[in-house]
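Chemist: Handing over protein09.txt, compact mmCIF, C-alpha atoms.
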# COMPACT_ATOMS: atom_id res chain seq x y z
CA MET V 883 77.41 132.50 106.46
CA VAL V 884 79.00 133.98 103.33
CA LYS V 885 77.27 137.21 102.37
CA ALA V 886 76.74 138.15 98.75
CA GLY V 887 79.16 140.83 97.72
CA ALA V 888 81.37 140.29 100.77
CA VAL V 889 84.81 141.86 100.49
CA ARG V 890 87.44 139.52 99.04
CA MET V 891 84.88 136.79 98.42
CA PHE V 892 85.52 134.50 95.46
CA ASP V 893 83.56 135.53 92.40
CA TYR V 894 82.44 132.16 91.11
CA GLY V 895 79.61 133.76 89.15
CA HIS V 896 75.97 132.73 89.40
CA ALA V 897 76.13 129.39 87.64
CA GLU V 898 74.91 126.60 89.84
CA ILE V 899 75.82 122.96 89.74
CA ASP V 900 72.68 120.86 89.72
CA MET V 901 72.50 118.20 92.39
CA VAL V 902 71.95 114.82 90.81
CA GLY V 903 70.91 111.53 92.32
CA THR V 904 73.84 109.23 93.00
CA ALA V 905 73.59 105.48 93.34
CA GLU V 906 75.27 103.90 96.31
CA PHE V 907 77.99 101.78 94.72
CA ASP V 908 81.00 100.30 96.43
CA VAL V 909 83.35 101.12 93.57
CA THR V 910 86.53 99.08 93.60
CA CYS V 911 89.58 98.75 91.42
CA GLY V 912 90.10 95.20 90.28
CA LEU V 913 88.27 93.85 93.33
CA LYS V 914 84.99 91.97 93.48
CA ARG V 915 82.17 92.52 95.95
CA LYS V 916 79.14 90.31 96.51
CA MET V 917 75.74 91.87 97.07
CA ASN V 918 73.33 89.65 98.95
CA LEU V 919 69.66 90.02 98.04
CA SER V 920 67.85 88.28 100.86
CA THR V 921 64.40 88.80 99.36
CA ALA V 922 65.35 86.94 96.24
CA GLY V 923 67.38 84.37 98.12
CA GLU V 924 70.20 84.79 95.63
CA SER V 925 73.66 86.37 95.62
CA TYR V 926 75.06 88.38 92.79
CA ALA V 927 78.68 89.37 92.27
CA PHE V 928 79.74 92.34 90.25
CA GLU V 929 83.05 93.91 89.46
CA GLN V 930 83.35 97.62 88.85
CA SER V 931 86.23 100.04 88.48
CA PHE V 932 86.78 103.68 87.60
CA SER V 933 88.01 104.50 84.13
CA PHE V 934 89.58 107.84 83.21
CA LYS V 935 89.94 109.90 80.05
CA PRO V 936 92.26 112.91 79.74
CA LEU V 937 90.60 116.25 78.93
CA PRO V 938 93.33 118.03 76.95
CA THR V 939 91.04 120.94 76.01
CA LYS V 940 90.54 121.86 79.68
CA LYS V 941 92.68 124.93 80.33
CA PHE V 942 93.62 126.52 83.64
CA SER V 943 93.97 130.29 83.80
CA PHE V 944 96.95 130.16 86.17
CA LEU V 945 98.91 128.19 83.56
CA GLN V 946 97.93 130.60 80.75
CA ASP V 947 98.18 134.04 82.37
CA LYS V 948 101.54 135.66 81.59
CA ASP V 949 101.73 137.62 84.84
CA THR V 950 101.16 134.46 86.86
CA LEU V 951 103.76 132.58 84.83
CA LYS V 952 106.28 135.35 85.55
CA LEU V 953 105.60 134.90 89.25
CA PHE V 954 106.11 131.13 88.94
CA MET V 955 109.43 131.88 87.23
CA LYS V 956 110.45 134.19 90.08
CA TRP V 957 109.42 131.58 92.64
CA SER V 958 111.35 128.83 90.78
CA MET V 959 108.15 126.90 90.07
CA LEU V 960 107.75 127.57 86.35
CA GLY V 961 107.63 124.35 84.33
CA ARG V 962 107.32 122.30 87.52
CA ILE V 963 103.78 123.19 88.60
CA THR V 964 101.12 121.46 86.53
CA ALA V 965 97.41 120.66 86.35
CA GLN V 966 95.78 117.97 84.19
CA ALA V 967 92.05 117.27 83.94
CA TYR V 968 90.32 113.93 83.42
CA SER V 969 86.78 112.61 83.24
CA PHE V 970 85.68 109.42 84.99
CA ASP V 971 82.79 107.06 84.51
CA HIS V 972 81.16 106.20 87.86
CA ASN V 973 79.74 108.06 90.84
CA PHE V 974 82.35 109.15 93.34
CA HIS V 975 81.88 108.94 97.12
CA THR V 976 84.42 110.00 99.71
CA TYR V 977 84.47 106.53 101.26
CA SER V 978 85.87 105.19 97.98
CA SER V 979 88.73 107.71 97.84
CA ASP V 980 91.48 105.10 98.28
CA LYS V 981 90.07 102.90 95.52
CA PHE V 982 89.48 105.90 93.27
CA ALA V 983 93.11 107.00 93.57
CA LEU V 984 94.43 103.48 93.00
CA CYS V 985 92.27 103.14 89.89
CA PHE V 986 93.58 106.47 88.62
CA PHE V 987 97.23 105.45 88.89
CA ARG V 988 96.47 102.07 87.30
CA ASP V 989 94.32 103.35 84.46
CA PRO V 990 96.19 103.04 81.13
CA ASP V 991 94.87 106.32 79.71
CA ALA V 992 95.69 108.25 82.88
CA VAL V 993 99.12 106.70 83.37
CA SER V 994 100.12 107.30 79.74
CA SER V 995 99.51 111.02 80.25
CA LEU V 996 101.51 111.29 83.48
CA ARG V 997 105.05 112.59 83.74
CA LYS V 998 107.26 113.15 86.75
CA MET V 999 110.44 115.17 87.12
CA GLU V 1000 113.70 113.33 87.73
CA SER V 1001 117.04 115.15 87.57
CA GLY V 1002 115.39 117.99 85.68
CA VAL V 1003 113.92 115.70 83.01
CA TRP V 1004 110.28 114.69 82.52
CA VAL V 1005 109.95 110.91 82.56
CA PRO V 1006 106.93 108.56 82.40
CA LEU V 1007 105.77 106.16 85.09
CA VAL V 1008 107.35 102.88 84.06
CA LYS V 1009 106.55 100.39 86.80
CA PRO V 1010 102.97 99.51 87.77
CA VAL V 1011 101.58 101.26 90.82
CA VAL V 1012 100.82 98.83 93.64
CA HIS V 1013 99.59 101.24 96.33
CA VAL V 1014 98.49 104.84 96.74
CA ASN V 1015 98.68 106.70 100.02
CA VAL V 1016 95.62 108.97 100.19
CA GLU V 1017 95.14 111.84 102.63
CA PRO V 1018 91.82 113.73 102.41
CA MET V 1019 92.39 117.46 102.81
CA PRO V 1020 89.74 119.76 104.31
CA CYS V 1021 88.37 122.12 101.68
CA SER V 1022 85.44 124.31 102.70
CA LYS V 1023 86.51 127.93 102.18
CA VAL V 1024 84.79 130.21 99.67
CA SER V 1025 86.45 133.49 100.66
CA MET V 1026 89.91 134.76 101.59
CA GLU V 1027 88.89 135.72 105.14
CA LEU V 1028 91.08 132.92 106.48
CA PHE V 1029 94.13 135.15 105.85
CA ASP V 1030 92.79 138.27 107.61
CA PRO V 1031 94.71 137.65 110.88
CA ILE V 1032 98.04 137.73 109.02
CA TYR V 1033 97.55 141.43 108.30
CA SER V 1034 97.28 142.53 111.93
CA CYS V 1035 99.50 140.31 114.09
CA GLY V 1036 103.03 141.59 113.44
CA ILE V 1037 103.92 139.43 110.45
CA LEU V 1038 103.48 142.40 108.11
CA ARG V 1039 104.24 146.07 108.50
CA PRO V 1040 101.43 148.62 108.02
CA SER V 1041 102.81 149.13 104.50
CA GLY V 1042 102.21 145.43 103.75
CA HIS V 1043 105.91 144.54 103.71
CA ARG V 1044 107.05 141.38 105.45
CA VAL V 1045 108.76 141.80 108.83
CA LYS V 1046 112.33 140.44 108.77
CA CYS V 1047 113.71 138.32 111.60
CA PHE V 1048 116.92 136.52 112.55
CA HIS V 1049 117.54 132.89 111.60
CA ASP V 1050 120.59 130.73 112.32
CA VAL V 1051 120.70 129.26 108.80
CA TYR V 1052 118.80 131.54 106.41
CA PRO V 1053 120.01 135.14 106.19
CA ASP V 1054 116.92 136.38 104.34
CA TYR V 1055 114.21 135.22 106.74
CA ASP V 1056 110.99 136.81 107.93
CA GLU V 1057 108.02 136.31 110.22
CA LEU V 1058 105.79 134.97 107.43
CA GLN V 1059 108.21 132.12 106.75
CA ARG V 1060 108.43 131.41 110.48
CA MET V 1061 104.64 131.34 110.80
CA LEU V 1062 104.36 128.92 107.89
CA GLN V 1063 107.09 126.49 108.99
CA GLU V 1064 107.96 126.76 112.68
CA GLU V 1065 105.48 125.68 115.32
CA GLU V 1066 107.59 127.56 117.89
CA SER V 1067 106.68 130.84 116.20
CA GLU V 1068 104.40 133.01 118.30
CA HIS V 1069 102.36 133.56 115.13
CA TYR V 1070 102.06 129.88 114.12
CA TYR V 1071 98.40 129.62 115.12
CA VAL V 1072 97.37 133.16 114.20
CA VAL V 1073 95.59 131.23 111.48
CA GLY V 1074 93.68 128.63 113.50
CA ARG V 1075 94.75 125.00 113.84
CA GLU V 1076 91.88 123.71 111.67
CA GLU V 1077 92.30 126.50 109.11
CA ARG V 1078 95.98 125.60 108.67
CA GLY V 1079 94.81 122.21 107.37
CA GLU V 1080 92.51 123.74 104.75
CA PHE V 1081 93.56 123.25 101.13
CA LEU V 1082 93.33 127.03 100.64
CA PHE V 1083 95.98 127.61 103.32
CA LEU V 1084 98.18 124.76 102.04
CA LEU V 1085 98.06 126.23 98.55
CA PHE V 1086 99.15 129.61 99.92
CA LYS V 1087 101.97 127.94 101.85
CA HIS V 1088 103.19 126.07 98.76
CA LEU V 1089 103.40 129.33 96.81
CA CYS V 1090 105.17 131.20 99.61
CA LEU V 1091 107.84 128.50 99.97
CA GLY V 1092 108.33 128.11 96.21
CA GLY V 1093 111.05 126.15 94.46
CA GLU V 1094 114.78 125.65 94.95
CA LEU V 1095 115.86 129.11 93.74
CA CYS V 1096 112.80 131.01 94.96
CA GLN V 1097 113.04 134.80 95.00
CA TYR V 1098 110.64 135.87 97.73
CA GLU V 1099 108.20 138.75 97.43
CA ASP V 1100 108.62 141.76 99.72
CA THR V 1101 104.86 141.97 100.23
CA ILE V 1102 102.13 139.36 100.57
CA ASP V 1103 99.79 140.54 97.80
CA ALA V 1104 101.17 138.40 94.97
CA TYR V 1105 100.85 135.23 97.06
CA ILE V 1106 97.28 136.03 98.09
CA ASN V 1107 96.15 136.90 94.56
CA THR V 1108 97.80 133.85 92.98
CA THR V 1109 96.38 131.56 95.67
CA LYS V 1110 92.91 132.91 94.91
CA GLN V 1111 93.36 132.44 91.16
CA ILE V 1112 94.54 128.82 91.44
CA TYR V 1113 91.90 127.93 94.03
CA LYS V 1114 89.10 129.23 91.79
CA ASP V 1115 90.51 127.23 88.88
CA LEU V 1116 90.67 123.99 90.82
CA ILE V 1117 87.70 124.04 93.21
CA SER V 1118 84.02 123.63 92.26
CA VAL V 1119 81.17 125.18 94.24
CA GLN V 1120 77.39 125.19 94.28
CA LYS V 1121 74.78 127.53 95.70
CA ASP V 1122 72.22 126.15 98.10
CA PRO V 1123 68.83 127.00 96.53
CA GLU V 1124 67.24 127.61 99.94
CA THR V 1125 69.93 129.39 101.96
CA LYS V 1126 71.70 130.87 98.91
CA LYS V 1127 74.94 129.93 100.62
CA ILE V 1128 77.86 128.93 98.40
CA ASN V 1129 79.43 125.58 99.32
CA VAL V 1130 82.47 123.72 98.08
CA VAL V 1131 81.57 120.43 96.37
CA SER V 1132 85.10 119.33 95.43
CA THR V 1133 86.95 116.62 97.34
CA VAL V 1134 90.70 117.16 97.66
CA LEU V 1135 92.98 114.15 98.09
CA LYS V 1136 96.71 114.44 98.66
CA VAL V 1137 98.24 111.40 96.99
CA CYS V 1138 101.54 109.53 96.84
CA ALA V 1139 101.80 106.52 94.54
CA TYR V 1140 104.09 103.54 95.16
CA ASP V 1141 105.50 100.93 92.83
CA GLU V 1142 107.30 97.76 93.90
CA SER V 1143 110.45 99.79 94.70
CA GLY V 1144 108.77 102.43 96.88
CA PRO V 1145 107.39 105.93 96.28
CA CYS V 1146 107.23 106.77 92.58
CA TYR V 1147 104.84 109.72 92.20
CA PRO V 1148 105.12 112.62 92.65
CA GLY V 1149 108.66 111.82 93.80
CA LYS V 1150 110.87 109.12 95.26
CA ARG V 1151 111.76 111.23 98.30
CA GLN V 1152 109.46 113.01 100.69
CA GLU V 1153 109.71 116.76 100.14
CA GLU V 1154 107.09 119.24 101.29
CA GLN V 1155 107.25 121.14 98.01
CA THR V 1156 106.94 118.02 95.87
CA PHE V 1157 103.24 117.29 96.05
CA ALA V 1158 100.27 115.90 94.14
CA TYR V 1159 96.56 116.43 94.77
CA LEU V 1160 93.59 114.75 93.10
CA ILE V 1161 90.72 117.25 93.13
CA VAL V 1162 87.39 115.58 92.40
CA ASP V 1163 84.22 117.24 91.13
CA PRO V 1164 81.66 114.48 91.83
CA PHE V 1165 78.85 116.10 89.82
CA LYS V 1166 80.72 116.78 86.60
CA ARG V 1167 82.69 113.55 87.13
CA HIS V 1168 85.92 115.42 86.52
CA VAL V 1169 89.17 115.10 88.44
CA THR V 1170 92.21 117.35 88.28
CA LEU V 1171 95.72 116.21 89.12
CA PHE V 1172 97.49 119.26 90.56
CA SER V 1173 101.18 118.75 91.23
CA HIS V 1174 104.55 120.40 91.73
CA PHE V 1175 108.05 118.93 91.60
CA TYR V 1176 110.57 120.76 93.79
CA GLY V 1177 113.72 121.91 92.05
CA VAL V 1178 115.03 124.70 89.82
CA GLY V 1179 112.25 126.13 87.67
CA ASN V 1180 112.49 127.47 84.13
CA PHE V 1181 114.15 130.86 83.67
CA THR V 1182 112.04 132.00 80.71
CA VAL V 1183 108.27 132.20 80.24
Represent the structure from my file as structure tokens, please.
Modeler:
Amino acid sequence: MVKAGAVRMFDYGHAEIDMVGTAEFDVTCGLKRKMNLSTAGESYAFEQSFSFKPLPTKKFSFLQDKDTLKLFMKWSMLGRITAQAYSFDHNFHTYSSDKFALCFFRDPDAVSSLRKMESGVWVPLVKPVVHVNVEPMPCSKVSMELFDPIYSCGILRPSGHRVKCFHDVYPDYDELQRMLQEEESEHYYVVGREERGEFLFLLFKHLCLGGELCQYEDTIDAYINTTKQIYKDLISVQKDPETKKINVVSTVLKVCAYDESGPCYPGKRQEEQTFAYLIVDPFKRHVTLFSHFYGVGNFTV
């Protein structure tokens, strides 16, 4: 249980998200479903799809804060890491995640606002999306306690500096990078197997690995603090009125869209640091597209 005032707990404030009744719809995108009403002896068919509207006034602190932008520049992510918010018009359920994502990448208003990076240039999605690969990502953490083991297992020195180690290819390598990328590392599971799959950990990993010309930090603090800032911007929570426990209500979907030629968004090639997540707040009916395109970031803020 998360205790109020716990050290390094996210300060989401005291605002609560009211639970609202949600109708059980099988929401599809361009598909038709028949509902049989045996009592009436009739069958009705209805067609329903999600529609999306960009929310250009929605701002994210991690894309506005100058200190964070300087870190993105140092990590070669500036100008390549983005977040865009949208509203949608029907109740969202996790079982409709695939259809929700397909509707998003087929919606004219959403697609017209999307850009992807190709050869250092932002370009629109030209061809229609025919399929979206959707991977639900666990997202349940409301504190930074997940990272506590990293501080006491030999990855960091008592001063907080990263412990260097030998690597056949990379001259500037350390135990944190090994823990993040190499399953053979003795520290790979210092953060538990399930915790490594949490969106909070994946976000931290994305920041640590950075872009093509990433300049790594000597200590871990900047990665932890920036992870916390982005996570708070992207993830919605609510407080249980009975237990007073804070719970995550967002659903996180890692997505890859395909057109007739193959993968088209976020990139044509699979690259761990080229990623896109749809982060759904089912109560506000808002979704955020959070993405990064691996390459050389901007050199000026």
Chemist: May I have the residues within 7 Å of Lys952 in chain V as a list in words, using all atoms listed in the file and disregarding those fewer than 4 positions away in the same chain?
Modeler: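 My list of contacting residues is Lys948, Lys956 and Val1183 of chain V.
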Chemist: Using Å and a single decimal, report how far CA of Phe1181 in chain V sits from CA of Ile1161 in chain V.
Modeler: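 Spanning CA of Ile1161 in chain V to CA of Phe1181 in chain V is a straight-line distance of 28.7 Å.
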Chemist: Can you check which parts of range 974-1078 of chain V lie within 12 Å of range 1123-1137 of chain V? Per residue, the shortest pair of atoms and distance in Å to one decimal, counting all atoms listed in the file, sorted by chain and number, as JSON lines.
Modeler:
{"residue": "V:Phe974", "atom": "CA", "partner": "V:Thr1133", "partner_atom": "CA", "distance": 9.6}
{"residue": "V:His975", "atom": "CA", "partner": "V:Thr1133", "partner_atom": "CA", "distance": 9.2}
{"residue": "V:Thr976", "atom": "CA", "partner": "V:Thr1133", "partner_atom": "CA", "distance": 7.5}
{"residue": "V:Tyr977", "atom": "CA", "partner": "V:Thr1133", "partner_atom": "CA", "distance": 11.1}
{"residue": "V:Ser978", "atom": "CA", "partner": "V:Leu1135", "partner_atom": "CA", "distance": 11.4}
{"residue": "V:Ser979", "atom": "CA", "partner": "V:Leu1135", "partner_atom": "CA", "distance": 7.7}
{"residue": "V:Asp980", "atom": "CA", "partner": "V:Leu1135", "partner_atom": "CA", "distance": 9.2}
{"residue": "V:Lys981", "atom": "CA", "partner": "V:Val1137", "partner_atom": "CA", "distance": 11.9}
{"residue": "V:Phe982", "atom": "CA", "partner": "V:Leu1135", "partner_atom": "CA", "distance": 10.2}
{"residue": "V:Ala983", "atom": "CA", "partner": "V:Val1137", "partner_atom": "CA", "distance": 7.6}
{"residue": "V:Leu984", "atom": "CA", "partner": "V:Val1137", "partner_atom": "CA", "distance": 9.7}
{"residue": "V:Phe986", "atom": "CA", "partner": "V:Val1137", "partner_atom": "CA", "distance": 10.8}
{"residue": "V:Phe987", "atom": "CA", "partner": "V:Val1137", "partner_atom": "CA", "distance": 10.1}
{"residue": "V:His1013", "atom": "CA", "partner": "V:Val1137", "partner_atom": "CA", "distance": 10.3}
{"residue": "V:Val1014", "atom": "CA", "partner": "V:Val1137", "partner_atom": "CA", "distance": 6.6}
{"residue": "V:Asn1015", "atom": "CA", "partner": "V:Val1137", "partner_atom": "CA", "distance": 5.6}
{"residue": "V:Val1016", "atom": "CA", "partner": "V:Val1137", "partner_atom": "CA", "distance": 4.8}
{"residue": "V:Glu1017", "atom": "CA", "partner": "V:Lys1136", "partner_atom": "CA", "distance": 5.0}
{"residue": "V:Pro1018", "atom": "CA", "partner": "V:Leu1135", "partner_atom": "CA", "distance": 4.5}
{"residue": "V:Met1019", "atom": "CA", "partner": "V:Val1134", "partner_atom": "CA", "distance": 5.4}
{"residue": "V:Pro1020", "atom": "CA", "partner": "V:Val1134", "partner_atom": "CA", "distance": 7.2}
{"residue": "V:Cys1021", "atom": "CA", "partner": "V:Val1134", "partner_atom": "CA", "distance": 6.8}
{"residue": "V:Ser1022", "atom": "CA", "partner": "V:Val1130", "partner_atom": "CA", "distance": 5.5}
{"residue": "V:Lys1023", "atom": "CA", "partner": "V:Val1130", "partner_atom": "CA", "distance": 7.1}
{"residue": "V:Val1024", "atom": "CA", "partner": "V:Val1130", "partner_atom": "CA", "distance": 7.1}
{"residue": "V:Ser1025", "atom": "CA", "partner": "V:Ile1128", "partner_atom": "CA", "distance": 10.0}
Chemist: What is the CA of Val1008 in chain V-CA of Cys985 in chain V distance in Å, reported with one decimal?
Modeler: 16.2 Å
Chemist: Need to verify the contact set: Arg962 in chain V, 9 Å, all atoms listed in the file, exclusion of same-chain residues closer than 2 positions in sequence. Can you return it as a list of chain:residue names?
Modeler: V:Ser958, V:Met959, V:Leu960, V:Thr964, V:Met999, V:Gly1093, V:Ser1173, V:His1174, V:Phe1175, V:Tyr1176, V:Gly1177, V:Val1178, V:Gly1179, V:Asn1180
Chemist: What gap, in Å, lies between CA of His1069 in chain V and CA of Arg1039 in chain V?
Modeler: 14.3 Å
Chemist: Just want the 9 Å neighbourhood of range 1085-1090 of chain V, counted on all atoms listed in the file, with same-chain residues fewer than 4 positions away dropped. Output as a ChimeraX atom specification.
Modeler: /V:954,957,959,1058-1059,1062-1063,1080-1081,1096,1098-1099,1102,1105-1106,1108-1110,1112-1113,1154-1155
